>>> print(open('my_file.cif').read())   # mmCIF, C-alpha atoms
data_structure
#
loop_
_atom_site.group_PDB
_atom_site.id
_atom_site.type_symbol
_atom_site.label_atom_id
_atom_site.label_comp_id
_atom_site.auth_asym_id
_atom_site.auth_seq_id
_atom_site.Cartn_x
_atom_site.Cartn_y
_atom_site.Cartn_z
ATOM 1 C CA MET A 271 -13.397 49.471 42.190
ATOM 2 C CA HIS A 272 -14.240 50.049 38.523
ATOM 3 C CA GLU A 273 -17.163 52.077 39.931
ATOM 4 C CA LEU A 274 -14.879 55.102 40.394
ATOM 5 C CA SER A 275 -13.806 55.095 36.730
ATOM 6 C CA ILE A 276 -17.392 54.537 35.629
ATOM 7 C CA ALA A 277 -18.567 57.425 37.836
ATOM 8 C CA GLN A 278 -15.873 59.676 36.349
ATOM 9 C CA ASN A 279 -17.082 58.823 32.838
ATOM 10 C CA ILE A 280 -20.668 59.636 33.850
ATOM 11 C CA VAL A 281 -19.549 62.991 35.274
ATOM 12 C CA ASP A 282 -17.669 63.829 32.041
ATOM 13 C CA ILE A 283 -20.670 62.995 29.853
ATOM 14 C CA VAL A 284 -23.103 64.957 32.055
ATOM 15 C CA ARG A 285 -20.778 67.995 32.102
ATOM 16 C CA ASP A 286 -20.754 67.963 28.278
ATOM 17 C CA GLN A 287 -24.545 67.771 28.199
ATOM 18 C CA MET A 288 -24.827 70.641 30.705
ATOM 19 C CA ARG A 289 -22.729 72.812 28.416
ATOM 20 C CA ILE A 290 -24.708 71.844 25.320
ATOM 21 C CA HIS A 291 -28.111 72.431 26.958
ATOM 22 C CA ASN A 292 -27.042 75.320 29.154
ATOM 23 C CA LEU A 293 -27.969 73.651 32.465
ATOM 24 C CA SER A 294 -26.667 74.914 35.792
ATOM 25 C CA LYS A 295 -28.086 72.235 38.115
ATOM 26 C CA ILE A 296 -28.669 68.490 37.734
ATOM 27 C CA GLU A 297 -31.503 66.746 39.585
ATOM 28 C CA SER A 298 -31.072 63.205 38.393
ATOM 29 C CA ILE A 299 -29.218 60.980 35.943
ATOM 30 C CA SER A 300 -30.898 57.892 34.661
ATOM 31 C CA LEU A 301 -28.747 54.866 33.846
ATOM 32 C CA ARG A 302 -29.254 51.337 32.500
ATOM 33 C CA ILE A 303 -26.762 48.834 33.870
ATOM 34 C CA GLY A 304 -26.673 45.166 32.918
ATOM 35 C CA VAL A 305 -26.240 42.597 35.680
ATOM 36 C CA LEU A 306 -23.192 41.143 33.881
ATOM 37 C CA ARG A 307 -21.295 44.381 34.467
ATOM 38 C CA SER A 308 -20.914 43.573 38.197
ATOM 39 C CA VAL A 309 -21.375 47.225 39.100
ATOM 40 C CA VAL A 310 -22.041 47.745 42.811
ATOM 41 C CA ILE A 311 -24.641 50.513 42.781
ATOM 42 C CA GLU A 312 -23.783 51.710 46.312
ATOM 43 C CA SER A 313 -20.110 52.065 45.321
ATOM 44 C CA LEU A 314 -21.098 53.871 42.137
ATOM 45 C CA SER A 315 -23.259 56.355 44.074
ATOM 46 C CA PHE A 316 -20.540 56.860 46.660
ATOM 47 C CA SER A 317 -17.908 57.473 43.955
ATOM 48 C CA PHE A 318 -20.249 59.843 42.154
ATOM 49 C CA ASP A 319 -20.894 61.834 45.355
ATOM 50 C CA VAL A 320 -17.163 62.131 46.066
ATOM 51 C CA LEU A 321 -16.398 63.265 42.506
ATOM 52 C CA THR A 322 -19.189 65.843 42.376
ATOM 53 C CA ALA A 323 -18.905 67.435 45.832
ATOM 54 C CA GLY A 324 -18.844 71.220 45.448
ATOM 55 C CA SER A 325 -19.727 71.078 41.742
ATOM 56 C CA PRO A 326 -23.015 71.830 39.922
ATOM 57 C CA LEU A 327 -23.592 68.063 39.883
ATOM 58 C CA GLU A 328 -23.572 67.844 43.673
ATOM 59 C CA GLY A 329 -26.697 66.177 45.035
ATOM 60 C CA ALA A 330 -27.779 64.696 41.696
ATOM 61 C CA ARG A 331 -29.525 61.335 42.077
ATOM 62 C CA LEU A 332 -28.407 58.288 40.133
ATOM 63 C CA GLU A 333 -31.501 56.387 39.021
ATOM 64 C CA VAL A 334 -30.390 52.948 37.948
ATOM 65 C CA GLU A 335 -32.431 50.458 35.987
ATOM 66 C CA GLU A 336 -30.779 47.055 36.348
ATOM 67 C CA VAL A 337 -31.060 44.992 33.173
ATOM 68 C CA PRO A 338 -31.326 41.213 33.665
ATOM 69 C CA ILE A 339 -29.240 38.757 31.669
ATOM 70 C CA LYS A 340 -31.129 37.462 28.667
ATOM 71 C CA GLY A 341 -30.006 34.885 26.181
ATOM 72 C CA ARG A 342 -30.942 33.006 23.052
ATOM 73 C CA CYS A 343 -30.616 29.252 22.878
ATOM 74 C CA MET A 344 -28.026 28.255 20.267
ATOM 75 C CA GLU A 345 -30.026 25.092 19.472
ATOM 76 C CA CYS A 346 -33.663 26.176 19.189
ATOM 77 C CA GLY A 347 -33.324 29.972 19.034
ATOM 78 C CA GLN A 348 -35.815 30.668 21.855
ATOM 79 C CA ARG A 349 -35.108 33.733 23.994
ATOM 80 C CA PHE A 350 -35.260 33.642 27.798
ATOM 81 C CA THR A 351 -34.008 35.282 30.997
ATOM 82 C CA VAL A 352 -30.905 33.599 32.373
ATOM 83 C CA GLU A 353 -31.543 33.059 36.084
ATOM 84 C CA ASN A 354 -28.701 30.622 36.624
ATOM 85 C CA TRP A 355 -25.782 29.896 34.334
ATOM 86 C CA LEU A 356 -25.992 26.198 35.097
ATOM 87 C CA ASP A 357 -29.485 25.846 33.655
ATOM 88 C CA ASP A 358 -30.005 24.477 30.169
ATOM 89 C CA CYS A 359 -32.486 26.013 27.732
ATOM 90 C CA PRO A 360 -35.955 25.854 29.359
ATOM 91 C CA PHE A 361 -37.514 25.099 25.946
ATOM 92 C CA CYS A 362 -35.331 22.399 24.377
ATOM 93 C CA GLY A 363 -32.721 21.566 27.035
ATOM 94 C CA GLY A 364 -29.853 22.744 24.813
ATOM 95 C CA PRO A 365 -26.715 23.723 26.731
ATOM 96 C CA GLY A 366 -25.438 26.728 24.745
ATOM 97 C CA VAL A 367 -26.726 30.254 25.349
ATOM 98 C CA GLU A 368 -25.852 33.354 23.382
ATOM 99 C CA ILE A 369 -26.139 36.480 25.532
ATOM 100 C CA THR A 370 -28.487 39.105 24.101
ATOM 101 C CA SER A 371 -28.671 41.572 27.005
ATOM 102 C CA GLY A 372 -27.197 42.171 30.448
ATOM 103 C CA LYS A 373 -24.029 44.012 29.400
ATOM 104 C CA GLU A 374 -25.604 47.487 29.161
ATOM 105 C CA LEU A 375 -23.827 50.454 30.689
ATOM 106 C CA ASP A 376 -25.674 53.458 29.303
ATOM 107 C CA ILE A 377 -26.785 56.904 30.289
ATOM 108 C CA VAL A 378 -30.425 57.213 29.239
ATOM 109 C CA SER A 379 -31.322 60.740 30.264
ATOM 110 C CA ILE A 380 -30.511 63.581 32.620
ATOM 111 C CA GLU A 381 -32.866 65.942 34.378
ATOM 112 C CA GLY A 382 -31.907 69.453 35.418
ATOM 113 C CA ASP A 383 -32.445 73.187 35.002
ATOM 114 C CA MET B 294 -36.033 69.773 32.036
ATOM 115 C CA LYS B 295 -35.448 66.157 31.041
ATOM 116 C CA ILE B 296 -32.867 65.547 28.331
ATOM 117 C CA PRO B 297 -32.533 62.184 26.608
ATOM 118 C CA VAL B 298 -28.862 61.306 26.215
ATOM 119 C CA VAL B 299 -28.585 57.623 25.282
ATOM 120 C CA GLN B 300 -24.832 57.264 25.359
ATOM 121 C CA LYS B 301 -22.538 54.481 26.430
ATOM 122 C CA VAL B 302 -20.901 55.466 29.706
ATOM 123 C CA LEU B 303 -17.517 54.144 28.562
ATOM 124 C CA GLU B 304 -17.782 55.540 25.031
ATOM 125 C CA ALA B 305 -14.744 57.795 25.477
ATOM 126 C CA ASN B 306 -12.599 54.775 26.343
ATOM 127 C CA GLU B 307 -14.031 52.696 23.530
ATOM 128 C CA ARG B 308 -13.204 55.430 21.010
ATOM 129 C CA ILE B 309 -9.556 55.489 22.093
ATOM 130 C CA ALA B 310 -9.410 51.676 22.169
ATOM 131 C CA ASP B 311 -10.724 51.560 18.589
ATOM 132 C CA GLU B 312 -8.003 54.011 17.530
ATOM 133 C CA ASN B 313 -5.414 51.776 19.201
ATOM 134 C CA ARG B 314 -6.881 48.739 17.438
ATOM 135 C CA ARG B 315 -6.670 50.426 14.034
ATOM 136 C CA LEU B 316 -3.042 51.370 14.689
ATOM 137 C CA PHE B 317 -2.167 47.799 15.734
ATOM 138 C CA GLU B 318 -3.780 46.435 12.578
ATOM 139 C CA GLU B 319 -1.956 48.929 10.379
ATOM 140 C CA MET B 320 1.351 48.052 12.014
ATOM 141 C CA ASP B 321 0.584 44.315 11.826
ATOM 142 C CA VAL B 322 0.943 43.775 15.572
ATOM 143 C CA LEU B 323 -1.138 41.102 17.341
ATOM 144 C CA VAL B 324 -2.152 42.457 20.743
ATOM 145 C CA ILE B 325 -3.164 40.097 23.534
ATOM 146 C CA ASN B 326 -4.834 41.417 26.690
ATOM 147 C CA LEU B 327 -3.771 38.951 29.396
ATOM 148 C CA VAL B 328 -6.174 39.000 32.348
ATOM 149 C CA SER B 329 -6.055 37.027 35.609
ATOM 150 C CA GLY B 330 -6.341 37.379 39.354
ATOM 151 C CA PRO B 331 -3.180 38.164 41.348
ATOM 152 C CA GLY B 332 -0.711 35.297 41.514
ATOM 153 C CA ALA B 333 -2.124 33.058 38.778
ATOM 154 C CA GLY B 334 1.222 33.224 36.988
ATOM 155 C CA LYS B 335 0.889 35.873 34.261
ATOM 156 C CA THR B 336 4.497 37.015 34.393
ATOM 157 C CA THR B 337 5.877 33.466 34.538
ATOM 158 C CA LEU B 338 3.681 32.521 31.570
ATOM 159 C CA LEU B 339 5.109 35.481 29.683
ATOM 160 C CA GLU B 340 8.688 34.488 30.521
ATOM 161 C CA LYS B 341 8.045 30.931 29.299
ATOM 162 C CA THR B 342 6.291 32.161 26.168
ATOM 163 C CA ILE B 343 9.040 34.589 25.264
ATOM 164 C CA HIS B 344 11.665 31.935 25.935
ATOM 165 C CA GLY B 345 9.825 29.402 23.785
ATOM 166 C CA LEU B 346 8.960 31.605 20.821
ATOM 167 C CA LYS B 347 11.451 34.470 20.707
ATOM 168 C CA ASP B 348 13.336 32.940 17.770
ATOM 169 C CA GLN B 349 10.131 32.953 15.721
ATOM 170 C CA TYR B 350 8.410 36.196 16.740
ATOM 171 C CA ARG B 351 9.433 39.589 17.995
ATOM 172 C CA PHE B 352 7.667 40.223 21.313
ATOM 173 C CA GLY B 353 6.854 43.387 23.211
ATOM 174 C CA VAL B 354 5.252 43.612 26.644
ATOM 175 C CA ILE B 355 3.281 46.240 28.520
ATOM 176 C CA GLU B 356 3.151 45.544 32.246
ATOM 177 C CA GLY B 357 0.251 46.936 34.239
ATOM 178 C CA ASP B 358 0.571 47.117 38.002
ATOM 179 C CA ILE B 359 -0.806 49.350 40.687
ATOM 180 C CA GLN B 360 2.737 49.878 41.942
ATOM 181 C CA SER B 361 6.315 48.582 41.483
ATOM 182 C CA THR B 362 8.434 47.625 38.488
ATOM 183 C CA LEU B 363 9.145 44.048 39.626
ATOM 184 C CA ASP B 364 7.316 42.413 36.712
ATOM 185 C CA ALA B 365 8.844 44.743 34.124
ATOM 186 C CA GLU B 366 12.322 43.948 35.464
ATOM 187 C CA ARG B 367 11.652 40.229 35.081
ATOM 188 C CA ILE B 368 10.525 40.708 31.487
ATOM 189 C CA ALA B 369 13.362 43.131 30.681
ATOM 190 C CA SER B 370 15.866 40.455 31.699
ATOM 191 C CA THR B 371 14.596 38.326 28.784
ATOM 192 C CA GLY B 372 15.898 41.075 26.481
ATOM 193 C CA ILE B 373 12.640 42.164 24.894
ATOM 194 C CA PRO B 374 11.114 45.677 24.929
ATOM 195 C CA VAL B 375 8.869 46.290 27.948
ATOM 196 C CA VAL B 376 6.969 49.297 29.245
ATOM 197 C CA GLN B 377 5.698 49.466 32.807
ATOM 198 C CA ILE B 378 2.442 51.259 33.541
ATOM 199 C CA ASN B 379 1.859 52.054 37.198
ATOM 200 C CA THR B 380 -1.799 52.853 37.590
ATOM 201 C CA GLY B 381 -1.272 54.381 41.028
ATOM 202 C CA GLY B 382 -4.341 52.723 42.517
ATOM 203 C CA ALA B 383 -6.553 52.047 39.506
ATOM 204 C CA CYS B 384 -7.476 48.373 39.273
ATOM 205 C CA HIS B 385 -7.320 48.077 35.474
ATOM 206 C CA LEU B 386 -5.648 49.454 32.357
ATOM 207 C CA ASP B 387 -7.662 51.538 29.908
ATOM 208 C CA GLY B 388 -7.360 52.622 26.294
ATOM 209 C CA ASN B 389 -5.649 55.886 27.095
ATOM 210 C CA MET B 390 -2.954 54.280 29.281
ATOM 211 C CA ILE B 391 -2.115 51.942 26.390
ATOM 212 C CA ARG B 392 -2.073 54.816 23.890
ATOM 213 C CA GLU B 393 0.513 56.600 26.012
ATOM 214 C CA ALA B 394 2.540 53.440 26.664
ATOM 215 C CA ILE B 395 2.926 52.538 22.974
ATOM 216 C CA ASP B 396 4.730 55.822 22.362
ATOM 217 C CA ASN B 397 7.609 54.047 24.098
ATOM 218 C CA ILE B 398 7.534 50.926 21.914
ATOM 219 C CA ASP B 399 8.700 50.643 18.322
ATOM 220 C CA LEU B 400 5.630 48.855 16.955
ATOM 221 C CA GLY B 401 7.375 48.341 13.621
ATOM 222 C CA SER B 402 9.716 45.857 15.256
ATOM 223 C CA VAL B 403 7.085 43.915 17.248
ATOM 224 C CA ASP B 404 4.939 40.994 16.011
ATOM 225 C CA VAL B 405 3.168 40.189 19.281
ATOM 226 C CA LEU B 406 2.449 42.727 21.990
ATOM 227 C CA VAL B 407 1.236 41.184 25.241
ATOM 228 C CA VAL B 408 -0.440 43.513 27.716
ATOM 229 C CA GLU B 409 -0.301 42.074 31.220
ATOM 230 C CA ASN B 410 -3.290 43.702 32.862
ATOM 231 C CA VAL B 411 -3.572 44.488 36.566
ATOM 232 C CA GLY B 412 -4.325 41.296 38.544
ATOM 233 C CA ASN B 413 -8.120 41.408 38.809
ATOM 234 C CA LEU B 414 -10.948 39.425 37.194
ATOM 235 C CA VAL B 415 -13.584 42.180 37.266
ATOM 236 C CA CYS B 416 -12.424 45.651 36.299
ATOM 237 C CA PRO B 417 -10.062 44.924 33.364
ATOM 238 C CA VAL B 418 -12.983 43.340 31.521
ATOM 239 C CA GLU B 419 -14.869 46.640 31.425
ATOM 240 C CA PHE B 420 -12.136 48.596 29.701
ATOM 241 C CA ASP B 421 -11.280 47.809 26.102
ATOM 242 C CA ILE B 422 -7.646 48.634 25.344
ATOM 243 C CA GLY B 423 -7.713 47.845 21.619
ATOM 244 C CA GLU B 424 -6.580 44.224 21.869
ATOM 245 C CA ALA B 425 -7.258 41.532 19.284
ATOM 246 C CA PHE B 426 -8.074 38.963 21.988
ATOM 247 C CA LYS B 427 -8.503 38.660 25.699
ATOM 248 C CA VAL B 428 -6.728 35.623 27.098
ATOM 249 C CA MET B 429 -7.644 34.746 30.658
ATOM 250 C CA LEU B 430 -5.394 32.828 32.985
ATOM 251 C CA LEU B 431 -6.601 30.913 36.021
ATOM 252 C CA SER B 432 -4.629 28.611 38.276
ATOM 253 C CA VAL B 433 -5.662 25.435 40.062
ATOM 254 C CA PRO B 434 -5.045 26.665 43.654
ATOM 255 C CA GLU B 435 -7.501 29.548 43.119
ATOM 256 C CA GLY B 436 -10.354 27.041 43.110
ATOM 257 C CA ASP B 437 -12.903 25.886 40.548
ATOM 258 C CA ASP B 438 -15.666 28.337 41.470
ATOM 259 C CA LYS B 439 -14.510 31.210 39.267
ATOM 260 C CA PRO B 440 -17.002 30.903 36.369
ATOM 261 C CA PHE B 441 -19.991 31.865 38.465
ATOM 262 C CA LYS B 442 -18.239 34.549 40.449
ATOM 263 C CA TYR B 443 -16.772 36.354 37.457
ATOM 264 C CA PRO B 444 -18.984 35.515 34.467
ATOM 265 C CA LEU B 445 -18.152 38.481 32.231
ATOM 266 C CA ILE B 446 -14.456 37.671 31.842
ATOM 267 C CA PHE B 447 -15.355 34.141 30.705
ATOM 268 C CA HIS B 448 -17.828 35.595 28.309
ATOM 269 C CA GLU B 449 -15.378 38.070 26.799
ATOM 270 C CA SER B 450 -12.278 35.870 26.543
ATOM 271 C CA ARG B 451 -11.206 33.910 23.489
ATOM 272 C CA LEU B 452 -8.962 31.516 25.383
ATOM 273 C CA LEU B 453 -8.801 30.238 28.955
ATOM 274 C CA LEU B 454 -5.448 28.941 30.180
ATOM 275 C CA ILE B 455 -5.617 26.893 33.394
ATOM 276 C CA ASN B 456 -2.178 27.046 34.986
ATOM 277 C CA LYS B 457 -0.461 25.099 37.793
ATOM 278 C CA MET B 458 -1.941 21.787 36.634
ATOM 279 C CA ASP B 459 0.964 20.090 38.463
ATOM 280 C CA LEU B 460 -0.816 21.021 41.736
ATOM 281 C CA LEU B 461 -4.041 19.216 40.797
ATOM 282 C CA PRO B 462 -3.327 16.127 42.984
ATOM 283 C CA TYR B 463 -2.937 18.328 46.073
ATOM 284 C CA VAL B 464 -6.035 20.520 45.983
ATOM 285 C CA GLU B 465 -9.803 20.114 45.761
ATOM 286 C CA TYR B 466 -10.398 21.029 42.153
ATOM 287 C CA ASP B 467 -12.802 19.503 39.678
ATOM 288 C CA ILE B 468 -11.217 20.203 36.300
ATOM 289 C CA GLY B 469 -14.136 18.662 34.404
ATOM 290 C CA LYS B 470 -16.665 20.862 36.181
ATOM 291 C CA MET B 471 -14.450 23.887 35.627
ATOM 292 C CA CYS B 472 -14.284 23.301 31.874
ATOM 293 C CA ASP B 473 -18.009 22.482 31.550
ATOM 294 C CA GLN B 474 -19.089 25.572 33.455
ATOM 295 C CA SER B 475 -16.670 27.808 31.571
ATOM 296 C CA ARG B 476 -18.091 26.599 28.258
ATOM 297 C CA LYS B 477 -21.568 27.115 29.618
ATOM 298 C CA LEU B 478 -20.732 30.801 30.021
ATOM 299 C CA ASN B 479 -19.039 30.973 26.648
ATOM 300 C CA PRO B 480 -19.682 28.145 24.197
ATOM 301 C CA HIS B 481 -16.883 29.472 21.945
ATOM 302 C CA LEU B 482 -14.227 29.549 24.688
ATOM 303 C CA GLU B 483 -11.083 27.529 23.978
ATOM 304 C CA ILE B 484 -9.394 25.971 27.022
ATOM 305 C CA ILE B 485 -5.800 24.796 27.398
ATOM 306 C CA GLN B 486 -4.485 23.209 30.598
ATOM 307 C CA ILE B 487 -0.881 24.133 31.344
ATOM 308 C CA SER B 488 1.817 24.101 33.970
ATOM 309 C CA CYS B 489 4.518 26.729 33.657
ATOM 310 C CA LYS B 490 6.478 24.715 36.231
ATOM 311 C CA THR B 491 6.579 21.376 34.373
ATOM 312 C CA GLY B 492 5.970 22.691 30.859
ATOM 313 C CA GLU B 493 2.773 20.638 30.467
ATOM 314 C CA GLY B 494 0.506 22.028 27.768
ATOM 315 C CA LEU B 495 2.777 24.917 26.852
ATOM 316 C CA SER B 496 3.294 23.621 23.322
ATOM 317 C CA SER B 497 -0.504 23.742 22.793
ATOM 318 C CA TRP B 498 -0.545 27.368 23.967
ATOM 319 C CA PHE B 499 2.381 28.179 21.679
ATOM 320 C CA ASP B 500 0.526 26.570 18.759
ATOM 321 C CA TRP B 501 -2.598 28.588 19.580
ATOM 322 C CA LEU B 502 -0.589 31.801 19.631
ATOM 323 C CA LYS B 503 1.312 30.947 16.429
ATOM 324 C CA ASP B 504 -1.960 30.265 14.652
ATOM 325 C CA LYS B 505 -3.298 33.687 15.674
ATOM 326 C CA VAL B 506 -0.100 35.566 14.742
ATOM 327 C CA ASP B 507 0.117 33.870 11.355
ATOM 328 C CA LYS B 508 -3.524 34.703 10.592
ATOM 329 C CA ALA B 509 -3.208 38.320 11.749
#
>>> encode(input="my_file.cif", output="structure tokens")
Amino acid sequence: MHELSIAQNIVDIVRDQMRIHNLSKIESISLRIGVLRSVVIESLSFSFDVLTAGSPLEGARLEVEEVPIKGRCMECGQRFTVENWLDDCPFCGGPGVEITSGKELDIVSIEGD
Amino acid sequence: MKIPVVQKVLEANERIADENRRLFEEMDVLVINLVSGPGAGKTTLLEKTIHGLKDQYRFGVIEGDIQSTLDAERIASTGIPVVQINTGGACHLDGNMIREAIDNIDLGSVDVLVVENVGNLVCPVEFDIGEAFKVMLLSVPEGDDKPFKYPLIFHESRLLLINKMDLLPYVEYDIGKMCDQSRKLNPHLEIIQISCKTGEGLSSWFDWLKDKVDKA
């Protein structure tokens, strides 16, 4: 259940932004979450709803862009999307992959008044 | 009104973890974040490690559990300083919990601080605590399917210890497949096969740890 801690961090960041930009209501929060993070979006939304009930963040939508795992072959340097960890490099057959994306856990923007 | 933010969600934790890391470096303490599922043998590994190396290095331990002080009592009986963190439900330790716990440890008289994280292969990986290395511990009876169920921990760990090797003849477990798939997830991962029961492989683990302490 790391979703609860992650939701709490999102709430803290959004509250700071509301103060800075003088917002009283939040419509939506846009997030980028890498597949490697194993975040269950339903649990994240549920945790967020529980944490924000009765607050100015209540009812805000979490808009999540899931970022696929991408890697770079350690042999030939080609970049590709990692569909299955068992697969070798689709270009040269090399076994080693360096991960280049899929670990994101970012707030991108918030929308409110 | 749309406001671009572009901020890491866990930035607050990462800031505290970086402060911890700087403090550990200043105080010359090697911090290991020991991560495993429940029952893989983290506490027994710690007991064996302390027993084997306590004449050479001064150890300290932080025990993370949702509840109870059972593990801390086991470690305390070895005579080394230990702090128990009860997370009260949280499934992982974070930077702030460690910052508070180290107030209760004299870092000046510790060479190696091992943080035994809450038994869980998912959540502890998300939360940096300021460690030098993550060491992950698996055990043979858990099965050989872990790499594809929990890829991030393999990716983030420096060393994989596979414990309970003495049980290999009794369970369906393909050790070759396990090692191949683990290295597939992390080509830099080091792997040591051990048994805390028979002592198999423990000297290799001790050598690994000694190498890291001496270089720190």
>>> closest_residue(input="my_file.cif", among="A:Arg285, A:Lys373, A:Lys340, A:Arg331", to="chain B", atoms="only C-alpha atoms")
A:Lys373
>>> closest_residue(input="my_file.cif", among="B:Leu338, B:Ala383, B:Ile368, B:Leu400", to="chain A", atoms="all atoms listed in the file")
B:Ala383
>>> residues_around(input="my_file.cif", residues="region 303-307 of chain A", least_positions_apart="5", cutoff="12 Å", atoms="only C-alpha atoms", output="tab-separated table (two decimals) with C-alpha atoms, keeping the file's coordinate frame")
chain	number	residue	atom	x	y	z
A	272	HIS	CA	-14.24	50.05	38.52
A	273	GLU	CA	-17.16	52.08	39.93
A	276	ILE	CA	-17.39	54.54	35.63
A	314	LEU	CA	-21.10	53.87	42.14
A	332	LEU	CA	-28.41	58.29	40.13
A	333	GLU	CA	-31.50	56.39	39.02
A	334	VAL	CA	-30.39	52.95	37.95
A	335	GLU	CA	-32.43	50.46	35.99
A	336	GLU	CA	-30.78	47.06	36.35
A	337	VAL	CA	-31.06	44.99	33.17
A	338	PRO	CA	-31.33	41.21	33.66
A	339	ILE	CA	-29.24	38.76	31.67
A	340	LYS	CA	-31.13	37.46	28.67
A	351	THR	CA	-34.01	35.28	31.00
A	352	VAL	CA	-30.90	33.60	32.37
A	353	GLU	CA	-31.54	33.06	36.08
A	355	TRP	CA	-25.78	29.90	34.33
A	369	ILE	CA	-26.14	36.48	25.53
A	370	THR	CA	-28.49	39.10	24.10
A	371	SER	CA	-28.67	41.57	27.00
A	372	GLY	CA	-27.20	42.17	30.45
A	373	LYS	CA	-24.03	44.01	29.40
A	374	GLU	CA	-25.60	47.49	29.16
A	375	LEU	CA	-23.83	50.45	30.69
A	376	ASP	CA	-25.67	53.46	29.30
A	377	ILE	CA	-26.78	56.90	30.29
A	378	VAL	CA	-30.42	57.21	29.24
B	301	LYS	CA	-22.54	54.48	26.43
B	302	VAL	CA	-20.90	55.47	29.71
B	303	LEU	CA	-17.52	54.14	28.56
B	414	LEU	CA	-10.95	39.42	37.19
B	415	VAL	CA	-13.58	42.18	37.27
B	416	CYS	CA	-12.42	45.65	36.30
B	417	PRO	CA	-10.06	44.92	33.36
B	418	VAL	CA	-12.98	43.34	31.52
B	419	GLU	CA	-14.87	46.64	31.42
B	420	PHE	CA	-12.14	48.60	29.70
B	441	PHE	CA	-19.99	31.86	38.47
B	442	LYS	CA	-18.24	34.55	40.45
B	443	TYR	CA	-16.77	36.35	37.46
B	444	PRO	CA	-18.98	35.52	34.47
B	445	LEU	CA	-18.15	38.48	32.23
B	446	ILE	CA	-14.46	37.67	31.84
B	447	PHE	CA	-15.36	34.14	30.70
B	448	HIS	CA	-17.83	35.60	28.31
B	449	GLU	CA	-15.38	38.07	26.80
B	478	LEU	CA	-20.73	30.80	30.02
>>> closest_residue(input="my_file.cif", among="B:Pro480, B:Gly492, B:Gly381, B:Pro440", to="chain A", atoms="all atoms listed in the file")
B:Pro480
>>> closest_residue(input="my_file.cif", among="B:Leu454, B:Leu502, B:Ile398, B:Met294", to="Glu297 (chain A)", atoms="all atoms listed in the file")
B:Met294
>>> atom_distance(input="my_file.cif", atom1="CA of Ala305 (chain B)", atom2="CA of Asn326 (chain B)")
19.2 Å
>>> residues_around(input="my_file.cif", residues="His481 (chain B)", least_positions_apart="6", cutoff="12 Å", atoms="only C-alpha atoms", output="list of chain:residue names")
A:Met344, A:Gly366, A:Val367, A:Glu368, B:Phe447, B:His448, B:Glu449, B:Ser450, B:Arg451, B:Leu452, B:Leu453, B:Cys472, B:Asp473, B:Ser475
>>> write_last_selection(input="my_file.cif", atoms="C-alpha atoms", output="PDB file, in the coordinates of the input")
ATOM      1  CA  MET A 344     -28.026  28.255  20.267  1.00  0.00           C
ATOM      2  CA  GLY A 366     -25.438  26.728  24.745  1.00  0.00           C
ATOM      3  CA  VAL A 367     -26.726  30.254  25.349  1.00  0.00           C
ATOM      4  CA  GLU A 368     -25.852  33.354  23.382  1.00  0.00           C
TER       5      GLU A 368
ATOM      6  CA  PHE B 447     -15.355  34.141  30.705  1.00  0.00           C
ATOM      7  CA  HIS B 448     -17.828  35.595  28.309  1.00  0.00           C
ATOM      8  CA  GLU B 449     -15.378  38.070  26.799  1.00  0.00           C
ATOM      9  CA  SER B 450     -12.278  35.870  26.543  1.00  0.00           C
ATOM     10  CA  ARG B 451     -11.206  33.910  23.489  1.00  0.00           C
ATOM     11  CA  LEU B 452      -8.962  31.516  25.383  1.00  0.00           C
ATOM     12  CA  LEU B 453      -8.801  30.238  28.955  1.00  0.00           C
ATOM     13  CA  CYS B 472     -14.284  23.301  31.874  1.00  0.00           C
ATOM     14  CA  ASP B 473     -18.009  22.482  31.550  1.00  0.00           C
ATOM     15  CA  SER B 475     -16.670  27.808  31.571  1.00  0.00           C
TER      16      SER B 475
END
>>> atom_distance(input="my_file.cif", atom1="CA of Asp286 (chain A)", atom2="CA of Ile380 (chain A)")
11.5 Å
>>> resolve_selection(input="my_file.cif", expression="the PyMOL selection byres ((chain B and resi 361) around 12)", output="count of residues only")
18
>>> atom_distance(input="my_file.cif", atom1="CA of Asp387 (chain B)", atom2="CA of Ile422 (chain B)")
5.4 Å
>>> closest_residue(input="my_file.cif", among="B:Met471, B:Ala333, B:Val328, B:Val322", to="chain A", atoms="all atoms listed in the file")
B:Met471
>>> closest_residue(input="my_file.cif", among="A:Ala330, A:Ile283, A:Arg349, A:Ile311", to="Ile299 (chain A)", atoms="all atoms listed in the file")
A:Ala330
>>> resolve_selection(input="my_file.cif", expression="the PyMOL selection byres ((chain A and resi 295) around 9)", output="number ranges by chain")
A: 288, 293-294, 296-297, 326-328, 330, 381-383
>>> residues_around(input="my_file.cif", residues="Gly334 (chain B)", least_positions_apart="2", cutoff="9 Å", atoms="only C-alpha atoms", output="PyMOL selection string")
chain B and resi 329-332+336-339+430-432+456-457+489
>>> write_last_selection(input="my_file.cif", atoms="C-alpha atoms", output="CSV table (one decimal), in the coordinates of the input")
chain,number,residue,atom,x,y,z
B,329,SER,CA,-6.1,37.0,35.6
B,330,GLY,CA,-6.3,37.4,39.4
B,331,PRO,CA,-3.2,38.2,41.3
B,332,GLY,CA,-0.7,35.3,41.5
B,336,THR,CA,4.5,37.0,34.4
B,337,THR,CA,5.9,33.5,34.5
B,338,LEU,CA,3.7,32.5,31.6
B,339,LEU,CA,5.1,35.5,29.7
B,430,LEU,CA,-5.4,32.8,33.0
B,431,LEU,CA,-6.6,30.9,36.0
B,432,SER,CA,-4.6,28.6,38.3
B,456,ASN,CA,-2.2,27.0,35.0
B,457,LYS,CA,-0.5,25.1,37.8
B,489,CYS,CA,4.5,26.7,33.7
>>> axis_aligned_box(input="my_file.cif", around="region 340-346 of chain B", padding_each_side="4 Å", output="lines of an AutoDock Vina configuration file")
center_x = 9.0
center_y = 32.0
center_z = 25.7
size_x = 13.4
size_y = 13.2
size_z = 17.7
